[in-house]
Amino acid sequence: MESTASRILKLYEENNHAELSKLLSSFDLRELSKVIRGQEVNGQSGLATLIRAVIYGSPCDSQQGEERRIKVYKNVLKTLQRELLSNAVASDIVGLLLIETDAFSEGSLVELAKFYIENIESSSGSDATAGNSHWLQLFPKLLSSISSRQKIVVDNNEIGGAEYKSCVLKQLCGVPWSAELAVHITTMLKDVEISADEMGVVLERVLLLLSQVELQKLPALVYQLLLLTTKGYKGLALEGIIAFFDKLDTKANKQNTGADSMEIEEDKINVEQLRQVEGTVALYVIFTIKQDQEPGREYIKYLKANQQTPSRILSPFNTALALSIAQIHRFEEQVLGCIKGCIIRSFRESEKQRQSEWFRELVPDDCEVTKAVLQTVRNSSQGWDHVSQGLLSLGFLLMDSYGPKGAFGSVDVPAGYHSSPSGKACKLGADILLETFKLHNAVRGKILDEILNRLVTKAASPADHYLNLLAAVVKWGATVVIEWSQKVRGVFDCLPLLPESTGHRFLTAIQPLLKISMPLKDALMVVLRKTLFSSHMESRKMAVNGYLQILKNFQVLGSMSSSQFSQASQASQSSSSWFSQIQADVHTRSNPKANEALCLEIVSSLRRCFRQQSEIRMLLYQGLPEVVAVNTQLCCPLLELLLNQLMGYVESKPNMPPLLLTRCTTQQGEQVTCSEPLAHLLICLLQVLEKTYKVPVSDKDEDEDEDEDLKVVQSRCEDFLLSLTQRVMKCDLEDFELDKSTDFSGGTCLAVRNSLCAQLLVGVYEALMEAAFYRGSYSQENCELIVELYNCESNLLELLREKSTAGGGGKKGKAALAGKAAAAGKAASVAHFAPKSVLSLGFLSKILAGLFCDTMPANSAGLAALRGCKDLVKYLVTVTLHKLQHLNTDHRLSPTPDVFIYSSNIAKSLLAHYIAYSSISGTETDDKIEKSLLPACIEGFVSALQLVSSHYKQRIGEFLDKIGSRDSDTADDKVHRQVKHLQQAIASILTADLQESRFKEMVHILNAVAILSAELNTTDQNYIQVLNYSLLSD
């Protein structure tokens, strides 16, 4: 055989065409195949020359020569399939055959095309051709030659060359492809001229192959598919890729949750490998779009066309792909806009589905938006760095769209806005950023930068959501955030320029950082000390809030005596070196002595607040009880500080009126203002005093002196409050220069001062009522004292009402007043002042529980005195109602456990009284005052329910337990049971004699039903019963 090959090569080299043809004609086709195979084994280097020689000696104008060429072509294809040749030799041979393909006759081209299809089909069951694509490189040229022929005879039928080429492509797509060949065939098809119709068939076939290819080979196949789409159908290809990976994600999720427990082990998906593949595919898509923007435009069309189907747009893979494409500047705005619009639309539809059974049936729930998007964030931890920047952009886009618009830091967010679609989208944006911060170290600094920049520069929307995110980030990893402490310090310089509420919440959010970074804490202390002397009121408020926050978070572990505070105060006043000493001491982390020195310095600095405006003092008085509730060792110095301040406004001579009310006012030119909120000071002293009784007594000998100091201060405060109460009770209004001859018209400085003094005295009466209650609880003597104090307050309010009415209406005003007084009673006169009442929610909670729920015999005499004063009862209910309404509308409210407890107890008391005196119990009262109290009771109950629903949603079951639901019920059952009680109340009102006041009660009850119904599962039978009830009522 070797000599035969040598003879062929020799004749070819001599260019002896005639002898070469004669020699080749002497061999049959089998012998020629043996010659070629022998050359494959013995010397690959000469194989290309041998094939070239055989083709040279086999002219196409003879049938025998054509047959030899076909035989050589087929032998070469088989050889290339077996991968016996080196790449260089294989490329040389392929190049030779590419040149000679056009010389084949039409019949030969048909035969070779069939040979190709058969080989592809036969290789589907083996991996013999894995990784080999040389033999497929000849197929595009073969199809091109077929397409160029005008007529081709196939199975005795004559058709056009282009038509037959389409048939070959359809045959190719109709036979099975092995997974190993899929990438090579797809790569080969790029070189084939394909019409639009042919492209549709090819694309459908390649997309079907995705499910047959191993995970690790998918990126290569997808990339070749993307390159293939340069011929058309770019949008369809992207849609198919997205749908395929969505199915894989769904299967992986079922696998993780155990939903497919019967699944064969081999079919299980390696989730980690899947995430890596998805990340690589997303990168290939980005690369393709950067090379050709047409796929990007098709993808935008896909997003817009599927806005009604969130499960497609917000699937984890498509969200990741969209956020990756958003990094291309040209498409950033459109892609993020589509994702944002789909999210908000989904939340809107979800809200409608929750509210309407008809809408649930019409538009079924398509996707859990929050779960799907956050799954994308978690998936991005598998090396999807190209997605992290898109997550950051989407998160801030959702947060920036949060409303309502208004002045920065001063926007009142409507009740329930956080549960609106925009509010939920904002919450989702915050969750995206928080999870991204946890998972991607590379973007942590950028996230902090964006948050802090928005706090300082964002002037058109509220800042609460950014502050909540900052607090969550710091809470998750203060040690991580501290790496960017310089960014936080940069905000300190802007603190004086921020609104008071924004500064306050910012300082609250960064407290964990201050505990682990002494330089950061020192820098803040310097800023706060400077800001406390700022000329701007808001800046000083922020400084006070900052100091109070530090006092709450840097607890003193040992007891503190008042003598220590005095020394610190003297040092602070005599020299500025005290703060420097603190700085030298506090650089040791968790140093108790450092905390003690720091707290003493702050308390000393806060003494300066007693010389500032009433707003600053009021802020301090409201915050100190919260401080001592956490930092109990500060009780003694703070009690003494407050007591000394209060004594400055009390007359020391026993035969004189006890209160120096005029000293609490200040006149500057023609303007008279309140300089000391005396009632708030009294309430603050009382609340701090109450906290001191909860301070545990130390067993250590060295702390005995401090305990004795605290007892002395407690005794002084108790004696002072008792003495003040007794002296105030002995005084008439004339003793305070407040009587019918006093001018309250408001036209002069004297009239303004008189009005301010009167309001201060009203607050003092309230504060003394609360002090008396805590001192003696429900004893008869104490309750009678509370009634007397209320009567004094009521007389003063009646005087103010008379003077204001007389000043506005003359005789007609007086006549109108006389008629209204008989109908409404004295309690009506307090309505104007009720929202400004200083009575605490805790006091109101306890006294209402006694008035409406207490049946203990030991308390009966005292409670009878309180209940006998109907005006006092109505006054307390009115004040409670206004307090709850204020809490519901205060967007700056920071929910605390105490507020929840007080609200629950108040709701229980008001509901119990309403049931007892309304027609629900079957014993409807005839007392006009009691009847007038019922609407306020049920409105107060609804306000408490709304407060709990808005700020303590997770504790609604506990709230219902407190007002009477069974502990064994499920949450839905508890809600439904309470709804049924309210429905019974509505029925009793409808069956009774209807009056205008009863209609008001029914409106409040329906509001309560609406609030509770929102807590029910919309697919539960309890909800359906409530819905049917509502429809029947309509």
# chains A, B, ... in the order shown; residues from 1 in each chain; ligands from 1

$ select_by_dssp --residues "region 467-532 of chain A" --states "alpha helix (DSSP H)" --output "PyMOL selection string"
chain A and resi 467-476+478-481+485-492+500-509+511-516+518-531

$ residues_around --residues "Asp735 (chain A)" --least-positions-apart "5" --cutoff "10 Å" --atoms "only C-alpha atoms" --output "PyMOL selection string"
chain A and resi 656-659+728+730

$ write_last_selection --atoms "C-alpha atoms" --output "compact mmCIF listing (two decimals), in the first residue's frame"
# COMPACT_ATOMS: atom_id res chain seq x y z
CA MET A 656 -47.39 83.32 99.24
CA PRO A 657 -48.78 81.67 96.07
CA PRO A 658 -46.50 78.70 95.43
CA LEU A 659 -45.89 79.20 91.70
CA VAL A 728 -51.73 74.83 95.14
CA LYS A 730 -55.18 76.15 99.09

$ closest_residue --among "A:Leu97, A:Thr49, A:Asn16, A:Asp709" --to "Val72 (chain A)" --atoms "only C-alpha atoms"
A:Leu97

$ residues_around --residues "region 237-242 of chain A" --least-positions-apart "5" --cutoff "8 Å" --atoms "only C-alpha atoms" --output "ChimeraX atom specification"
/A:203,207,222,225-226,229,295,299,302,317-318

$ write_last_selection --atoms "N, CA, C and O atoms" --output "compact mmCIF listing (two decimals), in the first residue's frame"
# COMPACT_ATOMS: atom_id res chain seq x y z
N LEU A 203 -33.69 28.10 14.82
CA LEU A 203 -33.69 28.65 16.18
C LEU A 203 -34.54 27.79 17.11
O LEU A 203 -34.14 27.51 18.25
N LEU A 207 -33.02 25.94 20.46
CA LEU A 207 -33.60 26.20 21.78
C LEU A 207 -34.03 24.91 22.46
O LEU A 207 -33.90 24.77 23.69
N VAL A 222 -25.21 28.79 24.31
CA VAL A 222 -25.96 30.05 24.30
C VAL A 222 -25.19 31.12 23.55
O VAL A 222 -25.79 31.91 22.79
N LEU A 225 -25.54 30.54 19.96
CA LEU A 225 -26.91 30.87 19.56
C LEU A 225 -27.07 32.38 19.41
O LEU A 225 -27.72 32.85 18.46
N LEU A 226 -26.48 33.13 20.32
CA LEU A 226 -26.56 34.59 20.23
C LEU A 226 -25.86 35.09 18.97
O LEU A 226 -26.34 36.02 18.30
N THR A 229 -28.01 34.59 15.94
CA THR A 229 -29.16 35.49 15.79
C THR A 229 -28.80 36.77 15.05
O THR A 229 -29.69 37.62 14.84
N PRO A 295 -30.06 43.38 19.72
CA PRO A 295 -30.61 42.51 20.77
C PRO A 295 -31.06 43.29 22.00
O PRO A 295 -32.04 42.92 22.65
N TYR A 299 -34.72 43.26 23.60
CA TYR A 299 -34.95 42.92 25.01
C TYR A 299 -35.85 43.96 25.68
O TYR A 299 -36.71 43.61 26.50
N TYR A 302 -39.25 43.16 24.82
CA TYR A 302 -39.71 42.01 25.62
C TYR A 302 -40.18 42.46 27.00
O TYR A 302 -41.23 42.02 27.49
N PHE A 317 -33.67 34.94 37.19
CA PHE A 317 -32.70 35.02 36.10
C PHE A 317 -32.92 36.26 35.25
O PHE A 317 -31.97 36.98 34.92
N ASN A 318 -34.18 36.54 34.89
CA ASN A 318 -34.42 37.70 34.03
C ASN A 318 -34.09 39.00 34.75
O ASN A 318 -33.60 39.95 34.14

$ residues_around --residues "region 78-80 of chain A" --least-positions-apart "6" --cutoff "7 Å" --atoms "only C-alpha atoms" --output "PyMOL selection string"
chain A and resi 90+134-135

$ write_last_selection --atoms "N, CA, C and O atoms" --output "CSV table (one decimal), in the first residue's frame"
chain,number,residue,atom,x,y,z
A,90,ALA,N,-5.7,18.6,9.5
A,90,ALA,CA,-7.1,18.6,9.3
A,90,ALA,C,-7.5,19.9,8.6
A,90,ALA,O,-8.4,20.0,7.7
A,134,HIS,N,-14.1,19.9,12.8
A,134,HIS,CA,-13.5,20.1,11.5
A,134,HIS,C,-14.4,19.5,10.4
A,134,HIS,O,-14.5,20.1,9.3
A,135,TRP,N,-15.0,18.4,10.6
A,135,TRP,CA,-15.8,17.7,9.6
A,135,TRP,C,-17.1,18.5,9.3
A,135,TRP,O,-17.6,18.5,8.2

$ closest_residue --among "A:Ser517, A:Ser346, A:Thr531, A:Ser840" --to "Leu884 (chain A)" --atoms "only C-alpha atoms"
A:Ser840

$ atom_distance --atom1 "CA of Ala305 (chain A)" --atom2 "CA of Gly341 (chain A)"
12.4 Å

$ closest_residue --among "A:Val183, A:Glu770, A:Cys664, A:His504" --to "Thr725 (chain A)" --atoms "only C-alpha atoms"
A:Glu770

$ select_by_dssp --residues "region 642-698 of chain A" --states "strand (DSSP E)" --output "list in words"
Thr665, Thr666, Gln667, Gln668, Gln671, Val672, Thr673 and Cys674 of chain A

$ write_last_selection --atoms "all heavy atoms" --output "short mmCIF file (atom, residue, chain, number, x, y, z; two decimals), in the first residue's frame"
data_model
loop_
_atom_site.label_atom_id
_atom_site.label_comp_id
_atom_site.auth_asym_id
_atom_site.auth_seq_id
_atom_site.Cartn_x
_atom_site.Cartn_y
_atom_site.Cartn_z
N THR A 665 -42.31 83.20 81.91
CA THR A 665 -42.51 83.90 80.63
C THR A 665 -41.40 84.91 80.42
O THR A 665 -40.76 85.37 81.37
CB THR A 665 -43.87 84.61 80.60
OG1 THR A 665 -43.91 85.58 81.66
CG2 THR A 665 -45.00 83.61 80.80
N THR A 666 -41.21 85.26 79.16
CA THR A 666 -40.15 86.22 78.80
C THR A 666 -40.72 87.22 77.82
O THR A 666 -41.47 86.85 76.91
CB THR A 666 -38.95 85.50 78.16
OG1 THR A 666 -38.46 84.52 79.07
CG2 THR A 666 -37.84 86.49 77.82
N GLN A 667 -40.35 88.48 78.01
CA GLN A 667 -40.81 89.53 77.10
C GLN A 667 -39.62 90.16 76.41
O GLN A 667 -38.67 90.60 77.06
CB GLN A 667 -41.62 90.59 77.86
CG GLN A 667 -42.14 91.70 76.94
CD GLN A 667 -43.06 92.68 77.66
OE1 GLN A 667 -43.42 92.46 78.82
NE2 GLN A 667 -43.44 93.74 76.98
N GLN A 668 -39.67 90.17 75.08
CA GLN A 668 -38.66 90.85 74.28
C GLN A 668 -39.35 91.83 73.36
O GLN A 668 -39.99 91.46 72.39
CB GLN A 668 -37.86 89.83 73.45
CG GLN A 668 -37.01 88.90 74.29
CD GLN A 668 -36.21 87.93 73.44
OE1 GLN A 668 -36.50 87.76 72.26
NE2 GLN A 668 -35.21 87.30 74.02
N GLN A 671 -43.07 91.23 72.17
CA GLN A 671 -43.35 89.80 72.06
C GLN A 671 -43.17 89.12 73.41
O GLN A 671 -42.12 89.25 74.05
CB GLN A 671 -42.44 89.14 71.02
CG GLN A 671 -42.78 87.68 70.77
CD GLN A 671 -41.91 87.08 69.68
OE1 GLN A 671 -40.95 87.71 69.25
NE2 GLN A 671 -42.24 85.89 69.24
N VAL A 672 -44.19 88.39 73.84
CA VAL A 672 -44.15 87.65 75.10
C VAL A 672 -44.21 86.16 74.75
O VAL A 672 -45.10 85.72 74.02
CB VAL A 672 -45.31 88.02 76.02
CG1 VAL A 672 -45.25 87.23 77.32
CG2 VAL A 672 -45.30 89.51 76.30
N THR A 673 -43.28 85.38 75.29
CA THR A 673 -43.23 83.94 75.01
C THR A 673 -43.07 83.18 76.32
O THR A 673 -42.70 83.73 77.36
CB THR A 673 -42.05 83.59 74.09
OG1 THR A 673 -40.83 84.04 74.69
CG2 THR A 673 -42.22 84.24 72.73
N CYS A 674 -43.36 81.89 76.25
CA CYS A 674 -43.16 80.99 77.39
C CYS A 674 -41.71 80.52 77.39
O CYS A 674 -41.24 79.94 76.40
CB CYS A 674 -44.11 79.80 77.30
SG CYS A 674 -43.86 78.58 78.59
#

$ residues_around --residues "Leu682 (chain A)" --least-positions-apart "2" --cutoff "8 Å" --atoms "only C-alpha atoms" --output "ChimeraX atom specification"
/A:646,678-680,684-686,764,767

$ write_last_selection --atoms "C-alpha atoms" --output "CSV table (one decimal), in the first residue's frame"
chain,number,residue,atom,x,y,z
A,646,LEU,CA,-38.1,73.3,89.5
A,678,LEU,CA,-43.4,74.2,83.9
A,679,ALA,CA,-45.9,71.4,83.6
A,680,HIS,CA,-43.5,69.4,81.4
A,684,CYS,CA,-40.4,64.9,83.8
A,685,LEU,CA,-39.5,65.0,87.5
A,686,LEU,CA,-42.4,62.7,88.4
A,764,VAL,CA,-49.6,72.2,86.5
A,767,ALA,CA,-49.2,67.2,86.4

$ atom_distance --atom1 "CA of Ala907 (chain A)" --atom2 "CA of Ile963 (chain A)"
6.9 Å

$ residues_around --residues "Ser401 (chain A)" --least-positions-apart "5" --cutoff "9 Å" --atoms "only C-alpha atoms" --output "list in words"
Phe396, Ser422, Ala425, Cys426 and Ser461 of chain A

$ write_last_selection --atoms "N, CA and C atoms" --output "tab-separated table (two decimals), in the first residue's frame"
chain	number	residue	atom	x	y	z
A	396	PHE	N	-31.86	51.96	44.87
A	396	PHE	CA	-32.00	53.39	45.11
A	396	PHE	C	-33.07	54.01	44.22
A	422	SER	N	-46.36	52.19	46.65
A	422	SER	CA	-45.09	52.92	46.64
A	422	SER	C	-44.29	52.65	47.90
A	425	ALA	N	-42.78	49.22	47.56
A	425	ALA	CA	-41.66	49.25	46.61
A	425	ALA	C	-40.42	49.85	47.27
A	426	CYS	N	-40.64	50.88	48.07
A	426	CYS	CA	-39.52	51.49	48.80
A	426	CYS	C	-38.91	50.50	49.78
A	461	SER	N	-38.03	64.78	49.19
A	461	SER	CA	-38.79	63.65	49.73
A	461	SER	C	-38.35	63.35	51.14

$ residues_around --residues "Tyr902 (chain A)" --least-positions-apart "5" --cutoff "9 Å" --atoms "only C-alpha atoms" --output "JSON, numbers by chain"
{"A": [841, 842, 843, 844, 845, 846, 897, 907]}

$ write_last_selection --atoms "N, CA and C atoms" --output "PDB file, in the first residue's frame"
ATOM      1  N   LEU A 841     -49.436  58.890  78.680  1.00  0.00           N
ATOM      2  CA  LEU A 841     -50.257  57.779  78.215  1.00  0.00           C
ATOM      3  C   LEU A 841     -50.307  56.667  79.256  1.00  0.00           C
ATOM      4  N   GLY A 842     -49.217  56.496  80.007  1.00  0.00           N
ATOM      5  CA  GLY A 842     -49.207  55.483  81.058  1.00  0.00           C
ATOM      6  C   GLY A 842     -50.215  55.787  82.153  1.00  0.00           C
ATOM      7  N   PHE A 843     -50.280  57.052  82.576  1.00  0.00           N
ATOM      8  CA  PHE A 843     -51.251  57.454  83.591  1.00  0.00           C
ATOM      9  C   PHE A 843     -52.671  57.250  83.084  1.00  0.00           C
ATOM     10  N   LEU A 844     -52.940  57.682  81.863  1.00  0.00           N
ATOM     11  CA  LEU A 844     -54.279  57.534  81.300  1.00  0.00           C
ATOM     12  C   LEU A 844     -54.669  56.059  81.187  1.00  0.00           C
ATOM     13  N   SER A 845     -53.705  55.223  80.831  1.00  0.00           N
ATOM     14  CA  SER A 845     -53.973  53.789  80.731  1.00  0.00           C
ATOM     15  C   SER A 845     -54.385  53.217  82.078  1.00  0.00           C
ATOM     16  N   LYS A 846     -53.682  53.593  83.128  1.00  0.00           N
ATOM     17  CA  LYS A 846     -53.963  53.024  84.448  1.00  0.00           C
ATOM     18  C   LYS A 846     -55.259  53.562  85.048  1.00  0.00           C
ATOM     19  N   PRO A 897     -42.188  49.329  73.274  1.00  0.00           N
ATOM     20  CA  PRO A 897     -43.061  48.348  73.935  1.00  0.00           C
ATOM     21  C   PRO A 897     -44.066  49.000  74.873  1.00  0.00           C
ATOM     22  N   ALA A 907     -57.440  50.407  74.981  1.00  0.00           N
ATOM     23  CA  ALA A 907     -58.463  49.829  74.110  1.00  0.00           C
ATOM     24  C   ALA A 907     -59.377  48.891  74.896  1.00  0.00           C
TER      25      ALA A 907
END

$ atom_distance --atom1 "CA of Ser485 (chain A)" --atom2 "CA of Val556 (chain A)"
25.3 Å
